[in-house]
Amino acid sequence: MAFELPALPYAHDALEPYISAVTLQFHHLKHHQAYVNNVNNLIVGTPFENATLEEIVRKADGGIFNNGAQVYNHTFYFEQFAADGCREPQGELKAAIEKDFGSTEAFKEQFNKAAATLFGSGWAWLVKTADGRLEIVQTSNAGCPLRDGKTPLLTCDVWEHAYYLDKQNLRPKYIEDFWKVVDWQVISKRFSA
Amino acid sequence: MAFELPKLSYSYSALEPHIDARTMEIHHTKHHAAYTNNLNAAVQGTNVSNKRIEEIMAVVSKLPVAIRNNGGGYYNHNLYWEILTPGGANAPHGVLLDAINDSFGSVDSFKEAFVKAAVTRFGSGWAWLIQKENKLVVSSTPNQDNPLMDVAEVQGTPILGIDVWEHAYYLNYQNRRPDYVEAFWNLINWDEVARRFKG
């Protein structure tokens, strides 16, 4: 069964001026779509032909992993934004962040550092570990914390294609604007799931 | 002695339409400059602070990762600017042409291998034409690694390299990396590549 490119839960221009419509169009309709097409082509005739995306992320290698995990990562990334979202952690998630990082500010500072210092292409993540703690991790290229048995809650794509048309070399500026479009209601649902 | 950002021997607009002036300016004055500054900071107080960049590359596995990343970024961009020239120069010739034919069968087969390496490098990185003794090989490296590094899968002397970090082409080509790689072919300074080849 072929994977399909998910529609975004908002218009391509909904995150302006923080993420431009042209960036989102390329990111979703070209990059995300290419990963979908590539994984669909690569799984034919392999043990992953009928696998779920999560199974591919956990077990596949090479091109099937790279493209499958990038489909997963991008879907996860796009789903966490909203034009009029909740811009601060709430409720139980807020309490967990304060317990594990000291404060929301301290958490953001650590997350920003992880996103800014990942060298090359990759992702920064807030994850929940098997024993329920929150952690910040970095992954290179298509890397995904699911593979290490961690539950992803929030992610920042720091491949240059995520921000180069808008911010060029200024990755920290992109990360600063990233917070202005995250919808913490989505992150809370992932945390409670 | 600090590493210095080299001046380019052509203007930022000189490689248009294949590489646009804005990409060139940001690539040189922001990305390459940052690698240079970060390298200088990273080597300070280490036992390689007075070494040549090639010597540093050869022992990079024993050094802090900031030297590997920024030293590679410094060296790789130096090479990239030098093997480019407005309109390209010449074609493979002389002993270099012989070596290409010996190693790949033909210039077309070499180009095919090089383009494939550049297009299929997943994530950020570089594709290379490398001299290994009397043979030439094509390879690619992740991020700012290069064939001079003792950590490289294929080691040797790089004589041609293409930057396939998205910052090298995104303003002009966006997701179309193959178009950038094809355009790059119009800009290669084969006289410089031949100079780097030790026949």
# chains A, B, ... in the order shown; residues from 1 in each chain; ligands from 1
>>> interface_residues(of="chain A", to="chain B", cutoff="7 Å", atoms="only C-alpha atoms", output="list in words")
Lys30, His31, Gly120, Ser121, Asn141, Glu160, His161, Tyr164, Leu165 and Asn169 of chain A
>>> write_last_selection(atoms="N, CA and C atoms", output="PDB file, in the first residue's frame")
ATOM      1  N   LYS A  30       7.429  19.763  -2.646  1.00  0.00           N
ATOM      2  CA  LYS A  30       8.593  19.216  -3.367  1.00  0.00           C
ATOM      3  C   LYS A  30       9.380  18.255  -2.477  1.00  0.00           C
ATOM      4  N   HIS A  31       9.921  18.750  -1.343  1.00  0.00           N
ATOM      5  CA  HIS A  31      10.767  17.876  -0.519  1.00  0.00           C
ATOM      6  C   HIS A  31       9.958  16.721   0.091  1.00  0.00           C
ATOM      7  N   GLY A 120      25.417  20.367   9.951  1.00  0.00           N
ATOM      8  CA  GLY A 120      24.906  19.774   8.721  1.00  0.00           C
ATOM      9  C   GLY A 120      23.393  19.712   8.755  1.00  0.00           C
ATOM     10  N   SER A 121      22.825  18.701   8.104  1.00  0.00           N
ATOM     11  CA  SER A 121      21.377  18.564   8.018  1.00  0.00           C
ATOM     12  C   SER A 121      20.861  17.684   9.145  1.00  0.00           C
ATOM     13  N   ASN A 141      20.590  14.146   9.516  1.00  0.00           N
ATOM     14  CA  ASN A 141      19.922  13.750   8.270  1.00  0.00           C
ATOM     15  C   ASN A 141      18.494  13.267   8.543  1.00  0.00           C
ATOM     16  N   GLU A 160      18.868  22.910   5.768  1.00  0.00           N
ATOM     17  CA  GLU A 160      18.843  24.296   5.271  1.00  0.00           C
ATOM     18  C   GLU A 160      17.581  24.580   4.448  1.00  0.00           C
ATOM     19  N   HIS A 161      17.020  23.547   3.791  1.00  0.00           N
ATOM     20  CA  HIS A 161      15.824  23.811   2.971  1.00  0.00           C
ATOM     21  C   HIS A 161      14.635  24.285   3.817  1.00  0.00           C
ATOM     22  N   TYR A 164      16.221  28.335   4.304  1.00  0.00           N
ATOM     23  CA  TYR A 164      17.208  29.112   3.550  1.00  0.00           C
ATOM     24  C   TYR A 164      16.605  30.238   2.715  1.00  0.00           C
ATOM     25  N   LEU A 165      15.419  30.024   2.136  1.00  0.00           N
ATOM     26  CA  LEU A 165      14.794  31.089   1.334  1.00  0.00           C
ATOM     27  C   LEU A 165      14.427  32.281   2.214  1.00  0.00           C
ATOM     28  N   ASN A 169      21.740  32.077   5.946  1.00  0.00           N
ATOM     29  CA  ASN A 169      22.640  31.466   6.926  1.00  0.00           C
ATOM     30  C   ASN A 169      22.205  31.683   8.379  1.00  0.00           C
TER      31      ASN A 169
END
>>> residues_around(residues="B:Lys62", least_positions_apart="6", cutoff="12 Å", atoms="only C-alpha atoms", output="list in words")
Thr46, Asn47, Val48, Ile56, Arg68, Met149, Asp150 and Val151 of chain B
>>> write_last_selection(atoms="C-alpha atoms", output="CSV table (one decimal), in the first residue's frame")
chain,number,residue,atom,x,y,z
B,46,THR,CA,45.9,23.3,20.7
B,47,ASN,CA,49.1,21.6,19.4
B,48,VAL,CA,47.9,22.2,15.8
B,56,ILE,CA,45.5,19.2,10.4
B,68,ARG,CA,37.1,18.6,11.9
B,149,MET,CA,40.9,13.5,6.5
B,150,ASP,CA,42.0,10.3,8.3
B,151,VAL,CA,38.3,9.7,9.0
>>> residues_around(residues="A:Ala124", least_positions_apart="4", cutoff="9 Å", atoms="only C-alpha atoms", output="JSON, numbers by chain")
{"A": [111, 112, 114, 115, 116, 118, 136, 137, 138, 139, 140, 154, 155, 156, 157, 158]}
>>> closest_residue(among="A:Leu29, A:Ala95, A:Leu126, A:Ala142", to="A:Gln110", atoms="only C-alpha atoms")
A:Leu126
>>> residues_around(residues="B:Gly88", least_positions_apart="6", cutoff="10 Å", atoms="only C-alpha atoms", output="list in words")
Leu15, Phe184, Trp185, Asn186, Leu187, Ile188, Asn189, Trp190 and Asp191 of chain B
>>> write_last_selection(atoms="C-alpha atoms", output="CSV table (one decimal), in the first residue's frame")
chain,number,residue,atom,x,y,z
B,15,LEU,CA,29.4,32.9,-12.4
B,184,PHE,CA,28.4,23.5,-12.1
B,185,TRP,CA,29.8,21.6,-15.1
B,186,ASN,CA,29.9,24.9,-17.1
B,187,LEU,CA,32.1,26.5,-14.5
B,188,ILE,CA,34.9,24.0,-13.9
B,189,ASN,CA,38.4,25.5,-14.3
B,190,TRP,CA,40.1,22.4,-15.8
B,191,ASP,CA,43.5,24.2,-15.8
